[in-house]
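Have a look at entry10.cif below; it lists mmCIF, N, CA and C atoms.
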data_input
loop_
_atom_site.label_atom_id
_atom_site.label_comp_id
_atom_site.auth_asym_id
_atom_site.auth_seq_id
_atom_site.Cartn_x
_atom_site.Cartn_y
_atom_site.Cartn_z
N VAL F 1342 9.39 1.61 14.36
CA VAL F 1342 8.30 2.55 14.17
C VAL F 1342 7.26 2.32 15.26
N GLN F 1343 6.69 3.41 15.74
CA GLN F 1343 5.60 3.32 16.72
C GLN F 1343 4.30 3.69 16.04
N LEU F 1344 3.23 2.99 16.40
CA LEU F 1344 1.94 3.18 15.75
C LEU F 1344 0.88 3.57 16.78
N GLN F 1345 0.08 4.55 16.41
CA GLN F 1345 -0.97 5.02 17.29
C GLN F 1345 -2.27 5.07 16.50
N ALA F 1346 -3.20 4.19 16.85
CA ALA F 1346 -4.48 4.13 16.16
C ALA F 1346 -5.53 4.89 16.93
N CYS F 1347 -6.46 5.48 16.20
CA CYS F 1347 -7.58 6.16 16.84
C CYS F 1347 -8.75 6.17 15.88
N GLY F 1348 -9.89 6.63 16.37
CA GLY F 1348 -11.06 6.76 15.53
C GLY F 1348 -12.16 5.77 15.82
N GLY F 1349 -11.91 4.84 16.73
CA GLY F 1349 -12.95 3.88 17.07
C GLY F 1349 -14.07 4.54 17.84
N GLY F 1350 -15.16 3.79 18.02
CA GLY F 1350 -16.29 4.31 18.75
C GLY F 1350 -17.50 3.45 18.56
N LEU F 1351 -18.63 3.99 19.00
CA LEU F 1351 -19.91 3.29 18.89
C LEU F 1351 -20.67 3.84 17.69
N VAL F 1352 -21.15 2.95 16.85
CA VAL F 1352 -21.88 3.36 15.66
C VAL F 1352 -23.01 2.36 15.41
N GLN F 1353 -24.06 2.85 14.82
CA GLN F 1353 -25.18 1.97 14.50
C GLN F 1353 -24.89 1.16 13.25
N ALA F 1354 -25.51 0.01 13.17
CA ALA F 1354 -25.38 -0.81 11.97
C ALA F 1354 -25.77 0.01 10.74
N GLY F 1355 -24.97 -0.13 9.70
CA GLY F 1355 -25.20 0.64 8.48
C GLY F 1355 -24.43 1.94 8.45
N GLY F 1356 -23.83 2.30 9.56
CA GLY F 1356 -23.11 3.57 9.65
C GLY F 1356 -21.68 3.47 9.16
N CYS F 1357 -20.97 4.58 9.31
CA CYS F 1357 -19.60 4.71 8.83
C CYS F 1357 -18.67 5.14 9.95
N LEU F 1358 -17.41 4.81 9.77
CA LEU F 1358 -16.39 5.21 10.72
C LEU F 1358 -15.05 5.21 9.99
N ARG F 1359 -14.18 6.12 10.35
CA ARG F 1359 -12.84 6.10 9.76
C ARG F 1359 -11.80 5.96 10.87
N LEU F 1360 -10.98 4.96 10.74
CA LEU F 1360 -9.87 4.77 11.66
C LEU F 1360 -8.62 5.39 11.07
N SER F 1361 -7.80 5.94 11.94
CA SER F 1361 -6.53 6.51 11.53
C SER F 1361 -5.41 5.87 12.33
N CYS F 1362 -4.25 5.81 11.72
CA CYS F 1362 -3.09 5.27 12.41
C CYS F 1362 -1.90 6.15 12.06
N ALA F 1363 -1.33 6.74 13.09
CA ALA F 1363 -0.16 7.60 12.91
C ALA F 1363 1.10 6.81 13.22
N ALA F 1364 2.07 6.93 12.34
CA ALA F 1364 3.33 6.24 12.52
C ALA F 1364 4.42 7.25 12.85
N SER F 1365 5.24 6.91 13.80
CA SER F 1365 6.38 7.76 14.13
C SER F 1365 7.65 6.97 13.88
N GLY F 1366 8.61 7.61 13.29
CA GLY F 1366 9.82 6.92 12.91
C GLY F 1366 10.21 7.33 11.50
N ARG F 1367 11.25 6.78 11.03
CA ARG F 1367 11.74 7.17 9.72
C ARG F 1367 11.28 6.22 8.62
N SER F 1368 11.33 6.70 7.42
CA SER F 1368 11.09 5.87 6.22
C SER F 1368 9.74 5.18 6.24
N PHE F 1369 8.69 5.93 6.53
CA PHE F 1369 7.35 5.34 6.56
C PHE F 1369 7.02 4.66 5.24
N ASN F 1370 7.50 5.20 4.14
CA ASN F 1370 7.16 4.64 2.84
C ASN F 1370 7.89 3.33 2.55
N SER F 1371 8.69 2.86 3.47
CA SER F 1371 9.31 1.55 3.32
C SER F 1371 8.54 0.46 4.08
N TYR F 1372 7.42 0.84 4.69
CA TYR F 1372 6.64 -0.10 5.50
C TYR F 1372 5.36 -0.52 4.79
N VAL F 1373 5.10 -1.80 4.77
CA VAL F 1373 3.79 -2.31 4.43
C VAL F 1373 2.91 -2.11 5.66
N MET F 1374 1.70 -1.63 5.43
CA MET F 1374 0.79 -1.35 6.54
C MET F 1374 -0.44 -2.25 6.46
N GLY F 1375 -0.96 -2.61 7.60
CA GLY F 1375 -2.15 -3.46 7.62
C GLY F 1375 -3.07 -3.13 8.78
N TRP F 1376 -4.30 -3.54 8.64
CA TRP F 1376 -5.27 -3.47 9.71
C TRP F 1376 -5.73 -4.88 10.04
N PHE F 1377 -5.78 -5.18 11.30
CA PHE F 1377 -6.29 -6.44 11.80
C PHE F 1377 -7.33 -6.14 12.87
N ARG F 1378 -8.11 -7.14 13.22
CA ARG F 1378 -9.10 -6.94 14.27
C ARG F 1378 -9.26 -8.20 15.10
N GLN F 1379 -9.71 -7.99 16.32
CA GLN F 1379 -9.96 -9.11 17.22
C GLN F 1379 -11.27 -8.88 17.95
N ALA F 1380 -12.21 -9.74 17.68
CA ALA F 1380 -13.50 -9.68 18.35
C ALA F 1380 -13.42 -10.45 19.67
N PRO F 1381 -14.31 -10.15 20.60
CA PRO F 1381 -14.30 -10.85 21.90
C PRO F 1381 -14.40 -12.36 21.71
N GLY F 1382 -13.48 -13.08 22.32
CA GLY F 1382 -13.51 -14.53 22.26
C GLY F 1382 -13.02 -15.13 20.96
N LYS F 1383 -12.50 -14.29 20.08
CA LYS F 1383 -12.04 -14.79 18.78
C LYS F 1383 -10.57 -14.45 18.57
N GLU F 1384 -9.98 -15.11 17.60
CA GLU F 1384 -8.60 -14.83 17.27
C GLU F 1384 -8.49 -13.57 16.42
N ARG F 1385 -7.31 -12.99 16.45
CA ARG F 1385 -7.07 -11.82 15.62
C ARG F 1385 -7.16 -12.22 14.15
N GLU F 1386 -7.79 -11.38 13.34
CA GLU F 1386 -7.94 -11.69 11.93
C GLU F 1386 -7.54 -10.52 11.04
N PHE F 1387 -7.14 -10.84 9.86
CA PHE F 1387 -6.74 -9.86 8.86
C PHE F 1387 -7.96 -9.09 8.37
N VAL F 1388 -7.78 -7.78 8.15
CA VAL F 1388 -8.84 -6.94 7.60
C VAL F 1388 -8.42 -6.37 6.25
N ALA F 1389 -7.29 -5.67 6.22
CA ALA F 1389 -6.86 -5.01 4.99
C ALA F 1389 -5.38 -4.70 5.08
N THR F 1390 -4.75 -4.59 3.90
CA THR F 1390 -3.35 -4.25 3.85
C THR F 1390 -3.07 -3.38 2.63
N ILE F 1391 -2.00 -2.61 2.72
CA ILE F 1391 -1.66 -1.70 1.64
C ILE F 1391 -0.15 -1.71 1.45
N SER F 1392 0.26 -1.68 0.20
CA SER F 1392 1.68 -1.74 -0.12
C SER F 1392 2.37 -0.43 0.25
N ARG F 1393 3.66 -0.42 0.13
CA ARG F 1393 4.47 0.73 0.53
C ARG F 1393 4.09 1.99 -0.24
N SER F 1394 3.82 1.83 -1.53
CA SER F 1394 3.47 2.98 -2.37
C SER F 1394 1.99 3.31 -2.30
N GLY F 1395 1.20 2.36 -1.82
CA GLY F 1395 -0.25 2.55 -1.78
C GLY F 1395 -0.95 2.03 -3.03
N ILE F 1396 -0.20 1.52 -3.97
CA ILE F 1396 -0.80 1.07 -5.23
C ILE F 1396 -1.60 -0.22 -5.03
N SER F 1397 -1.07 -1.12 -4.21
CA SER F 1397 -1.72 -2.42 -4.02
C SER F 1397 -2.44 -2.48 -2.68
N THR F 1398 -3.69 -2.93 -2.73
CA THR F 1398 -4.47 -3.11 -1.52
C THR F 1398 -5.17 -4.46 -1.57
N TYR F 1399 -5.33 -5.08 -0.42
CA TYR F 1399 -6.00 -6.37 -0.33
C TYR F 1399 -6.92 -6.35 0.88
N TYR F 1400 -8.02 -7.09 0.76
CA TYR F 1400 -9.02 -7.08 1.81
C TYR F 1400 -9.48 -8.49 2.15
N ALA F 1401 -9.92 -8.64 3.39
CA ALA F 1401 -10.62 -9.86 3.75
C ALA F 1401 -11.95 -9.89 3.03
N ASP F 1402 -12.41 -11.07 2.69
CA ASP F 1402 -13.67 -11.19 1.96
C ASP F 1402 -14.83 -10.56 2.74
N SER F 1403 -14.76 -10.63 4.04
CA SER F 1403 -15.86 -10.14 4.88
C SER F 1403 -16.02 -8.63 4.83
N VAL F 1404 -14.98 -7.91 4.40
CA VAL F 1404 -15.07 -6.44 4.38
C VAL F 1404 -14.94 -5.87 2.97
N LYS F 1405 -14.68 -6.70 2.00
CA LYS F 1405 -14.48 -6.24 0.64
C LYS F 1405 -15.72 -5.50 0.15
N GLY F 1406 -15.50 -4.34 -0.42
CA GLY F 1406 -16.61 -3.53 -0.91
C GLY F 1406 -17.19 -2.59 0.13
N ARG F 1407 -16.82 -2.78 1.39
CA ARG F 1407 -17.32 -1.91 2.47
C ARG F 1407 -16.20 -1.10 3.12
N PHE F 1408 -15.01 -1.65 3.16
CA PHE F 1408 -13.88 -0.99 3.80
C PHE F 1408 -12.87 -0.56 2.73
N THR F 1409 -12.19 0.54 3.01
CA THR F 1409 -11.13 1.03 2.11
C THR F 1409 -9.92 1.42 2.93
N ILE F 1410 -8.78 0.84 2.60
CA ILE F 1410 -7.53 1.21 3.25
C ILE F 1410 -6.79 2.19 2.35
N SER F 1411 -6.17 3.18 2.98
CA SER F 1411 -5.39 4.16 2.22
C SER F 1411 -4.24 4.64 3.09
N ARG F 1412 -3.31 5.33 2.48
CA ARG F 1412 -2.18 5.87 3.23
C ARG F 1412 -1.76 7.19 2.65
N ASP F 1413 -1.14 7.99 3.50
CA ASP F 1413 -0.57 9.27 3.08
C ASP F 1413 0.88 9.25 3.53
N ASN F 1414 1.77 8.97 2.62
CA ASN F 1414 3.18 8.84 2.98
C ASN F 1414 3.82 10.17 3.37
N ALA F 1415 3.22 11.26 2.93
CA ALA F 1415 3.73 12.57 3.31
C ALA F 1415 3.42 12.89 4.78
N LYS F 1416 2.36 12.27 5.29
CA LYS F 1416 1.94 12.52 6.67
C LYS F 1416 2.19 11.34 7.60
N ASP F 1417 2.75 10.26 7.07
CA ASP F 1417 3.01 9.05 7.87
C ASP F 1417 1.72 8.52 8.50
N MET F 1418 0.69 8.45 7.68
CA MET F 1418 -0.63 8.03 8.18
C MET F 1418 -1.19 6.91 7.31
N VAL F 1419 -1.95 6.04 7.95
CA VAL F 1419 -2.73 5.05 7.23
C VAL F 1419 -4.15 5.10 7.77
N TYR F 1420 -5.11 4.85 6.89
CA TYR F 1420 -6.51 5.00 7.24
C TYR F 1420 -7.30 3.74 6.90
N LEU F 1421 -8.40 3.57 7.60
CA LEU F 1421 -9.34 2.52 7.24
C LEU F 1421 -10.73 3.15 7.27
N GLN F 1422 -11.27 3.38 6.09
CA GLN F 1422 -12.62 3.90 5.96
C GLN F 1422 -13.58 2.72 5.97
N MET F 1423 -14.51 2.74 6.91
CA MET F 1423 -15.44 1.62 7.06
C MET F 1423 -16.86 2.12 6.83
N SER F 1424 -17.57 1.47 5.96
CA SER F 1424 -18.95 1.86 5.69
C SER F 1424 -19.84 0.62 5.76
N ASP F 1425 -21.16 0.87 5.81
CA ASP F 1425 -22.14 -0.21 5.91
C ASP F 1425 -21.73 -1.19 7.01
N LEU F 1426 -21.41 -0.63 8.16
CA LEU F 1426 -20.91 -1.45 9.25
C LEU F 1426 -21.97 -2.42 9.75
N LYS F 1427 -21.51 -3.59 10.15
CA LYS F 1427 -22.37 -4.63 10.63
C LYS F 1427 -21.99 -4.98 12.07
N HIS F 1428 -22.92 -5.60 12.76
CA HIS F 1428 -22.65 -5.96 14.16
C HIS F 1428 -21.40 -6.83 14.25
N GLU F 1429 -21.21 -7.69 13.27
CA GLU F 1429 -20.06 -8.60 13.31
C GLU F 1429 -18.73 -7.90 13.04
N ASP F 1430 -18.76 -6.62 12.73
CA ASP F 1430 -17.52 -5.84 12.60
C ASP F 1430 -17.03 -5.35 13.97
N THR F 1431 -17.82 -5.57 14.99
CA THR F 1431 -17.42 -5.16 16.34
C THR F 1431 -16.14 -5.88 16.76
N ALA F 1432 -15.12 -5.10 17.12
CA ALA F 1432 -13.82 -5.68 17.45
C ALA F 1432 -12.88 -4.56 17.87
N VAL F 1433 -11.75 -4.96 18.41
CA VAL F 1433 -10.63 -4.04 18.57
C VAL F 1433 -9.83 -4.09 17.27
N TYR F 1434 -9.59 -2.94 16.70
CA TYR F 1434 -8.87 -2.85 15.44
C TYR F 1434 -7.44 -2.39 15.70
N TYR F 1435 -6.51 -3.10 15.08
CA TYR F 1435 -5.09 -2.81 15.25
C TYR F 1435 -4.47 -2.44 13.92
N CYS F 1436 -3.64 -1.41 13.93
CA CYS F 1436 -2.82 -1.19 12.75
C CYS F 1436 -1.45 -1.82 13.00
N ALA F 1437 -0.84 -2.24 11.93
CA ALA F 1437 0.41 -2.97 12.04
C ALA F 1437 1.31 -2.60 10.86
N ALA F 1438 2.60 -2.87 11.03
CA ALA F 1438 3.56 -2.49 9.98
C ALA F 1438 4.73 -3.45 9.95
N TYR F 1439 5.30 -3.60 8.77
CA TYR F 1439 6.59 -4.26 8.67
C TYR F 1439 7.35 -3.62 7.52
N GLN F 1440 8.64 -3.61 7.67
CA GLN F 1440 9.50 -2.97 6.68
C GLN F 1440 9.85 -3.96 5.58
N ALA F 1441 9.80 -3.47 4.36
CA ALA F 1441 10.11 -4.32 3.21
C ALA F 1441 11.02 -3.57 2.26
N SER F 1442 11.94 -4.31 1.66
CA SER F 1442 12.88 -3.70 0.72
C SER F 1442 12.53 -4.01 -0.74
N ARG F 1443 11.49 -4.84 -0.95
CA ARG F 1443 11.06 -5.19 -2.30
C ARG F 1443 9.57 -5.48 -2.28
N PRO F 1444 8.93 -5.51 -3.45
CA PRO F 1444 7.47 -5.78 -3.49
C PRO F 1444 7.12 -7.09 -2.80
N GLN F 1445 5.97 -7.07 -2.14
CA GLN F 1445 5.54 -8.21 -1.34
C GLN F 1445 4.34 -8.91 -1.98
N SER F 1446 4.24 -10.19 -1.77
CA SER F 1446 3.09 -10.93 -2.29
C SER F 1446 1.88 -10.70 -1.41
N MET F 1447 0.71 -10.93 -1.97
CA MET F 1447 -0.53 -10.78 -1.22
C MET F 1447 -0.52 -11.69 0.00
N GLY F 1448 -0.06 -12.89 -0.18
CA GLY F 1448 -0.06 -13.85 0.92
C GLY F 1448 0.75 -13.38 2.10
N VAL F 1449 1.91 -12.79 1.82
CA VAL F 1449 2.76 -12.29 2.89
C VAL F 1449 2.11 -11.08 3.56
N MET F 1450 1.53 -10.20 2.77
CA MET F 1450 0.94 -8.99 3.32
C MET F 1450 -0.28 -9.27 4.18
N ARG F 1451 -0.97 -10.36 3.93
CA ARG F 1451 -2.17 -10.70 4.67
C ARG F 1451 -1.89 -11.43 5.98
N ARG F 1452 -0.67 -11.87 6.15
CA ARG F 1452 -0.33 -12.73 7.27
C ARG F 1452 0.09 -11.91 8.48
N ALA F 1453 -0.55 -12.14 9.63
CA ALA F 1453 -0.23 -11.37 10.84
C ALA F 1453 1.22 -11.57 11.25
N SER F 1454 1.74 -12.73 11.04
CA SER F 1454 3.11 -13.03 11.46
C SER F 1454 4.15 -12.25 10.66
N SER F 1455 3.75 -11.63 9.55
CA SER F 1455 4.68 -10.82 8.77
C SER F 1455 4.97 -9.49 9.45
N TYR F 1456 4.09 -9.05 10.33
CA TYR F 1456 4.14 -7.71 10.90
C TYR F 1456 4.95 -7.68 12.18
N ASP F 1457 5.85 -6.70 12.23
CA ASP F 1457 6.75 -6.57 13.37
C ASP F 1457 6.28 -5.53 14.38
N TYR F 1458 5.47 -4.60 13.92
CA TYR F 1458 5.08 -3.48 14.77
C TYR F 1458 3.56 -3.41 14.83
N TRP F 1459 3.05 -3.18 16.04
CA TRP F 1459 1.61 -3.15 16.26
C TRP F 1459 1.23 -1.94 17.10
N GLY F 1460 0.10 -1.34 16.75
CA GLY F 1460 -0.44 -0.28 17.56
C GLY F 1460 -1.21 -0.85 18.74
N GLN F 1461 -1.76 0.03 19.55
CA GLN F 1461 -2.41 -0.40 20.79
C GLN F 1461 -3.85 -0.85 20.58
N GLY F 1462 -4.42 -0.57 19.43
CA GLY F 1462 -5.79 -0.99 19.16
C GLY F 1462 -6.80 0.09 19.49
N THR F 1463 -7.88 0.09 18.73
CA THR F 1463 -8.98 1.01 18.98
C THR F 1463 -10.28 0.22 18.82
N LEU F 1464 -11.19 0.43 19.75
CA LEU F 1464 -12.40 -0.38 19.80
C LEU F 1464 -13.49 0.19 18.90
N VAL F 1465 -14.05 -0.67 18.08
CA VAL F 1465 -15.19 -0.33 17.24
C VAL F 1465 -16.36 -1.20 17.70
N THR F 1466 -17.45 -0.54 18.06
CA THR F 1466 -18.64 -1.26 18.49
C THR F 1466 -19.79 -0.87 17.57
N VAL F 1467 -20.39 -1.87 16.95
CA VAL F 1467 -21.50 -1.64 16.03
C VAL F 1467 -22.76 -2.20 16.67
N SER F 1468 -23.70 -1.32 16.93
CA SER F 1468 -24.95 -1.75 17.54
C SER F 1468 -25.94 -2.16 16.46
N SER F 1469 -26.61 -3.24 16.72
CA SER F 1469 -27.56 -3.76 15.71
C SER F 1469 -28.97 -3.24 15.97
#
How does this structure look as C-alpha cells?
Amino acid sequence: VQLQACGGGLVQAGGCLRLSCAASGRSFNSYVMGWFRQAPGKEREFVATISRSGISTYYADSVKGRFTISRDNAKDMVYLQMSDLKHEDTAVYYCAAYQASRPQSMGVMRRASSYDYWGQGTLVTVSS
C-alpha cells in the first residue's frame, strides 16, 4: 500500500488542523493505521492508531483529548483531527500502516516497528 499524507501547515497555538492520509492499494480495511510524528532533533514518536474496523483507537498521553483519529474504509482514508494545538506539537507527521489478519493489541499498534508502510510526512508548525 502507498500512503500520501497532506493537510499540514502553519497554525497558531490553540488552533485546529486536520491531516488526511490517502491509501492506494487493495484491502484497506485489513490495515491497522497510525500517525507518528518527529520533531526537529527528536526521535519519531507515536501519536495515534486505529484498528482495521475503526472501533479501537489509542492515543499518546500528550495528545489525548485534543487529537482524534478516524478512518473511512469506503474511501481508503485515515484522518487526524488536531485541536488546541500547542507549540510542542510542531513536527513532521507521518501516517503508517501494517496489514493484520486478526485483532491487534494496543502495545503492538502503538509500536513504530509494527508498521511496514510509511507516507512521506506532512509538516505541522504551531506558532506560540
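Nearest to F:Val1352 of all the residues F:Lys1416, F:Met1447, F:Ala1380, F:Leu1426 is F:Leu1426, counting all atoms listed in the file.
Once the PyMOL selection byres ((chain F and resi 1464) around 7) is applied to the depicted file, the selected set reads F:Gly1348, F:Gly1349, F:Gly1350, F:Leu1351, F:Thr1431, F:Ala1432, F:Val1433, F:Tyr1434, F:Gly1462, F:Thr1463, F:Val1465, F:Thr1466.
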Any chance you could resolve the PyMOL selection byres (((chain F and resi 1436 and name CA) around 7) and name CA) against this file and give the residues as an NGL selection string?
:F and (1346 or 1362 or 1375-1377 or 1434-1435 or 1437 or 1459-1460)
Test item: the PyMOL selection byres (((chain F and resi 1392 and name CA) around 12) and name CA) resolved as a PyMOL selection string:
chain F and resi 1369-1375+1389-1391+1393-1399+1410-1414+1419+1438-1447+1449-1451
Atom C of F:Ser1365 to atom N of F:Glu1386, straight-line distance in Å
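These two atoms are separated by 24.0 Å.
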F:Ala1401 surroundings by only N, CA and C atoms, 6 Å radius, close-in-sequence under 4 positions cut, as a list in words:
Phe1387, Val1388, Ala1389 and Lys1405 of chain F
Give me every helix (DSSP H, G or I) residue in chain F, going by DSSP on the backbone, as a list in words.
Phe1369, Asn1370, Ser1371, His1428, Glu1429, Asp1430, Met1447, Gly1448, Val1449, Met1450, Arg1451, Ala1453, Ser1454 and Ser1455 of chain F
Using only C-alpha atoms, which residue out of F:Gln1379, F:Met1423, F:Arg1385, F:Glu1429 lies closest to F:Gly1356?
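Checking each of F:Gln1379, F:Met1423, F:Arg1385, F:Glu1429 against F:Gly1356, counting only C-alpha atoms, the winner is F:Met1423.
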Choose the residue, out of F:Tyr1400, F:Tyr1458, F:Ala1364, F:Glu1384, that has the smallest atom-to-atom separation from F:Asp1417; count only N, CA and C atoms.
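Closest residue, counting only N, CA and C atoms: F:Ala1364.
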Just list the residues in chain F DSSP gives strand (DSSP E or B) on the backbone, as a PyMOL selection string.
chain F and resi 1343-1347+1350-1353+1358-1365+1372-1379+1386-1391+1398-1400+1408-1413+1418-1423+1432-1440+1458-1459+1463-1468
